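**Q** My structure is below; once you've seen it, I'll send some questions.
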Amino acid sequence: MIVDIKKMISKKEEELVKRLAVLKQKNKIPKIVFIVANEDEASKSYIRSKIKICDKLGIKQEEIYFTHTCSEEEVVECIKKLNQDKAVTGILVQLPIYHHLNVNTIVNSIKPSKDVDGFHTFNVGSLYSGCQNIIPCTPKGIMSILDELGIELSGKYVVVIGRSNIVGKPIAQLLLQKDSTVTICHSKTRNLKEYTKEADILIVAAGISNLVTKDMIKKDSVIIDVGINRVKDKIVGDVATIEVAKKAKYVTPVPGGVGPMTIISLIENLVEMVENSK
Ligand code: GUN
């Protein structure tokens, strides 16, 4: 069946509203700053979705845009100022960024305690060593979906397709910490189907539409589709959802699946950061 993510989102939004009300009483209002250093239409659309939920929940936000003529130093200087600004809870650099900017230099200039995406090397290291620190939003969202579905993870065989720093690598770590047996497949993996057919849980983050079809999955498995692909002006995932839904126990839809849950996770990270602040 196709998972109803809307219900999960409403529940999580209600929880966030309560937590934000408690913070408001203490005069603690979260503020997130979005840094956009690219001219990518998809990124602008993601930022718009993030801003929409901030407005809905009464979270302060600011957007800072850089043109293609910007220097790395300018962006780093801007981030350093935000690091010092007590009113700013979280800083998010929307990826990808212009090719002439070094992504590690930019992301690592964010103070780790303000790194709401969990992309700073310090936070990545913390995650890999099993410290519950700031968890990147997409993997956090996937874990929330699996939890809401009541999926037991211990001992399960999980296959992740995709090895990005944003999704593939961190989700594999989180699942490993929950005692799953995890295989990461990628573009150079031979005989992909041999792995996917065995998977109790299949997480697909490859960015290739129709990559996973019914013949590639195990019966009654759980399929999490992280793909976002534009095909003939429509947004589709990496999974052939309709046919896969007939064989899988659960498959998440695209649009309206992992994407909105990722945004909820971002807000959860931000709220947690304010709650933990002195
Ligand atoms: N680009 C695609 N996904 C993400 C994300 O989770 N965070 C940021 N900052 N950029 C992205």
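Naming scheme: A, B, ... for chains in displayed order of the structure tokens; residues 1 onward per chain; ligands 1 onward as shown.
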To test your reading of the structure, identify every residue in range 155-269 of chain A that backbone DSSP assigns to strand (DSSP E or B), and report it as a list in words.
**A**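 DSSP-assigned strand (DSSP E or B) residues in range 155-269 of chain A: Tyr157, Val158, Val159, Val160, Ile161, Thr181, Val182, Thr183, Ile184, Cys185, Ile201, Leu202, Ile203, Val204, Val212, Val222, Ile223, Ile224, Asp225, Asn229, Arg230, Val231, Lys234, Ile235, Val236, Val239, Tyr250 and Val251 of chain A.
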**Q** Export, as a PDB file, in the first residue's frame, the selected residues with C-alpha atoms.
**A**
ATOM      1  CA  TYR A 157      18.164  -6.550   5.981  1.00  0.00           C
ATOM      2  CA  VAL A 158      18.140  -3.001   4.627  1.00  0.00           C
ATOM      3  CA  VAL A 159      19.401  -2.001   1.205  1.00  0.00           C
ATOM      4  CA  VAL A 160      20.137   1.659   0.544  1.00  0.00           C
ATOM      5  CA  ILE A 161      20.555   2.759  -3.067  1.00  0.00           C
ATOM      6  CA  THR A 181      22.126  -5.300   8.504  1.00  0.00           C
ATOM      7  CA  VAL A 182      22.822  -2.657   5.876  1.00  0.00           C
ATOM      8  CA  THR A 183      24.140  -2.767   2.327  1.00  0.00           C
ATOM      9  CA  ILE A 184      24.790   0.451   0.409  1.00  0.00           C
ATOM     10  CA  CYS A 185      24.419   0.088  -3.356  1.00  0.00           C
ATOM     11  CA  ILE A 201      13.499  -2.475   3.747  1.00  0.00           C
ATOM     12  CA  LEU A 202      14.644  -0.711   0.580  1.00  0.00           C
ATOM     13  CA  ILE A 203      15.638   2.947   0.657  1.00  0.00           C
ATOM     14  CA  VAL A 204      16.021   4.480  -2.778  1.00  0.00           C
ATOM     15  CA  VAL A 212      12.928   0.278  -8.849  1.00  0.00           C
ATOM     16  CA  VAL A 222       8.962  -1.627   2.963  1.00  0.00           C
ATOM     17  CA  ILE A 223      10.032   0.767   0.219  1.00  0.00           C
ATOM     18  CA  ILE A 224      11.115   4.315   1.015  1.00  0.00           C
ATOM     19  CA  ASP A 225      11.359   6.504  -2.081  1.00  0.00           C
ATOM     20  CA  ASN A 229      12.843  13.705 -10.507  1.00  0.00           C
ATOM     21  CA  ARG A 230      11.167  16.016 -12.960  1.00  0.00           C
ATOM     22  CA  VAL A 231       9.645  14.000 -15.799  1.00  0.00           C
ATOM     23  CA  LYS A 234       5.711  16.164 -13.211  1.00  0.00           C
ATOM     24  CA  ILE A 235       7.617  15.285 -10.046  1.00  0.00           C
ATOM     25  CA  VAL A 236       8.208  11.554  -9.633  1.00  0.00           C
ATOM     26  CA  VAL A 239      10.220   3.916  -7.656  1.00  0.00           C
ATOM     27  CA  TYR A 250       4.398  -0.129   2.225  1.00  0.00           C
ATOM     28  CA  VAL A 251       5.756   2.312  -0.332  1.00  0.00           C
TER      29      VAL A 251
END
**Q** Using only C-alpha atoms and all ligand atoms, I'd like a table of the residues in chain A that come within 7 Å of ligand 1; for each, show the closest atom pair and its distance in Å rounded to one decimal, ordered by chain and ascending number, as a tab-separated table.
**A**
residue	atom	partner	partner_atom_place_in_ligand_line	distance
A:Ser43	CA	ligand 1	1 (N)	6.9
A:Leu92	CA	ligand 1	9 (N)	5.4
A:Val93	CA	ligand 1	9 (N)	4.8
A:Gln94	CA	ligand 1	9 (N)	3.7
A:Leu95	CA	ligand 1	10 (N)	3.8
A:Pro96	CA	ligand 1	1 (N)	6.1
A:Asp117	CA	ligand 1	7 (N)	5.9
A:Pro136	CA	ligand 1	6 (O)	6.7
A:Cys137	CA	ligand 1	6 (O)	5.6
A:Thr138	CA	ligand 1	6 (O)	5.8
A:Ile166	CA	ligand 1	6 (O)	6.2
**Q** Print the selection's residues with N, CA, C and O atoms to a file, as a PDB file, in the first residue's frame.
**A**
ATOM      1  N   SER A  43      16.088  24.219  -5.984  1.00  0.00           N
ATOM      2  CA  SER A  43      16.482  24.692  -4.655  1.00  0.00           C
ATOM      3  C   SER A  43      15.543  25.788  -4.175  1.00  0.00           C
ATOM      4  O   SER A  43      15.145  25.819  -3.012  1.00  0.00           O
ATOM      5  N   LEU A  92      21.254  27.334   7.578  1.00  0.00           N
ATOM      6  CA  LEU A  92      21.147  26.254   6.579  1.00  0.00           C
ATOM      7  C   LEU A  92      21.680  26.762   5.235  1.00  0.00           C
ATOM      8  O   LEU A  92      21.188  27.757   4.710  1.00  0.00           O
ATOM      9  N   VAL A  93      22.695  26.102   4.735  1.00  0.00           N
ATOM     10  CA  VAL A  93      23.197  26.425   3.393  1.00  0.00           C
ATOM     11  C   VAL A  93      22.529  25.457   2.431  1.00  0.00           C
ATOM     12  O   VAL A  93      22.770  24.237   2.503  1.00  0.00           O
ATOM     13  N   GLN A  94      21.671  25.973   1.583  1.00  0.00           N
ATOM     14  CA  GLN A  94      20.973  25.088   0.642  1.00  0.00           C
ATOM     15  C   GLN A  94      21.962  24.538  -0.379  1.00  0.00           C
ATOM     16  O   GLN A  94      22.721  25.297  -0.989  1.00  0.00           O
ATOM     17  N   LEU A  95      21.960  23.233  -0.547  1.00  0.00           N
ATOM     18  CA  LEU A  95      22.867  22.578  -1.508  1.00  0.00           C
ATOM     19  C   LEU A  95      22.097  22.207  -2.772  1.00  0.00           C
ATOM     20  O   LEU A  95      20.901  21.924  -2.683  1.00  0.00           O
ATOM     21  N   PRO A  96      22.675  22.199  -3.925  1.00  0.00           N
ATOM     22  CA  PRO A  96      24.085  22.484  -4.207  1.00  0.00           C
ATOM     23  C   PRO A  96      24.387  23.985  -4.166  1.00  0.00           C
ATOM     24  O   PRO A  96      23.466  24.804  -4.172  1.00  0.00           O
ATOM     25  N   ASP A 117      21.277  21.380   9.685  1.00  0.00           N
ATOM     26  CA  ASP A 117      21.270  20.265   8.733  1.00  0.00           C
ATOM     27  C   ASP A 117      22.118  19.088   9.205  1.00  0.00           C
ATOM     28  O   ASP A 117      22.028  17.990   8.646  1.00  0.00           O
ATOM     29  N   PRO A 136      20.957  14.721  10.189  1.00  0.00           N
ATOM     30  CA  PRO A 136      20.522  15.313   8.921  1.00  0.00           C
ATOM     31  C   PRO A 136      19.032  15.045   8.649  1.00  0.00           C
ATOM     32  O   PRO A 136      18.515  13.970   8.988  1.00  0.00           O
ATOM     33  N   CYS A 137      18.380  16.039   8.068  1.00  0.00           N
ATOM     34  CA  CYS A 137      16.909  16.048   8.024  1.00  0.00           C
ATOM     35  C   CYS A 137      16.284  14.906   7.222  1.00  0.00           C
ATOM     36  O   CYS A 137      15.272  14.338   7.658  1.00  0.00           O
ATOM     37  N   THR A 138      16.846  14.560   6.073  1.00  0.00           N
ATOM     38  CA  THR A 138      16.207  13.494   5.273  1.00  0.00           C
ATOM     39  C   THR A 138      16.303  12.146   5.995  1.00  0.00           C
ATOM     40  O   THR A 138      15.282  11.467   6.170  1.00  0.00           O
ATOM     41  N   ILE A 166      24.228  13.357   2.119  1.00  0.00           N
ATOM     42  CA  ILE A 166      22.961  13.904   2.626  1.00  0.00           C
ATOM     43  C   ILE A 166      21.994  12.788   3.012  1.00  0.00           C
ATOM     44  O   ILE A 166      21.269  12.890   3.986  1.00  0.00           O
TER      45      ILE A 166
END
**Q** Could you please write out, as a PyMOL selection string, every residue of range 17-137 of chain A that DSSP assigns to helix (DSSP H, G or I)?
**A** chain A and resi 17-25+41-57+72-84+103-107+112-114+121-128+137
**Q** Taking only C-alpha atoms into account, which of A:Val3, A:Gly256, A:Ile59, A:Leu146 comes nearest Leu23 in chain A?
**A** A:Ile59
**Q** Would you compute the distance between CA of Val274 in chain A and CA of Pro30 in chain A? Give it in Å to one decimal.
**A**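 Calculated distance between CA of Val274 in chain A and CA of Pro30 in chain A is 6.3 Å.
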**Q** Write out as an MDAnalysis selection string which residues come within 12 Å of Val103 in chain A when counting only C-alpha atoms, dropping same-chain ones fewer than 6 positions away.
**A** chainID A and resid 37:38 72 75:76 93:97 109:110 119:121 165
**Q** Which residue gives the smallest distance to Ile134 in chain A among A:Ser154, A:Ser113, A:Ser49, A:Thr105, with only C-alpha atoms counted?
**A**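 Ranking A:Ser154, A:Ser113, A:Ser49, A:Thr105 by distance to Ile134 in chain A, first place goes to A:Ser113.
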**Q** Which residue is closest to Arg48 in chain A? Choose from A:Val22, A:Ile242, A:Ile2, A:Ile263 and count only C-alpha atoms.
**A**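 Of all the options, A:Ile263 lies closest to Arg48 in chain A.
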**Q** From the list A:Asn191, A:Thr69, A:Asn83, A:Asn123, which residue is nearest Tyr98 in chain A when using only C-alpha atoms?
**A** A:Thr69
**Q** Can you tell me, as a compact mmCIF listing (two decimals) with C-alpha atoms, in the first residue's frame, what residues are no more than 9 Å from Ala205 in chain A when counting only C-alpha atoms, ignoring any on the same chain fewer than 6 positions away?
**A**
# COMPACT_ATOMS: atom_id res chain seq x y z
CA VAL A 160 20.14 1.66 0.54
CA ILE A 161 20.56 2.76 -3.07
CA GLY A 162 22.67 5.93 -3.12
CA ARG A 163 25.79 6.91 -1.20
CA SER A 164 25.43 10.68 -0.81
CA VAL A 167 21.00 10.63 2.49
CA GLY A 168 22.74 7.32 1.73
CA ILE A 224 11.12 4.32 1.01
CA ASP A 225 11.36 6.50 -2.08
CA VAL A 226 13.66 9.49 -1.61
CA GLY A 227 13.94 10.39 -5.30
CA ILE A 228 12.78 13.70 -6.71
CA GLY A 237 10.40 9.46 -7.36
CA ASP A 238 12.83 6.64 -8.12
**Q** So, counting only C-alpha atoms, which residue among A:Lys232, A:Lys214, A:Lys56, A:Lys193 is closest to Ala245 in chain A?
**A** A:Lys214
**Q** I need the residue nearest Ala87 in chain A from this list: A:Val36, A:Gly118, A:Arg190, A:Ile29. Use only C-alpha atoms for the distance.
**A**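 Smallest separation from Ala87 in chain A among the options: A:Ile29.
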**Q** To one decimal place, how far is CA of Glu198 in chain A from CA of Ser265 in chain A in Å?
**A**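 According to the coordinates, CA of Glu198 in chain A and CA of Ser265 in chain A are separated by 29.2 Å.
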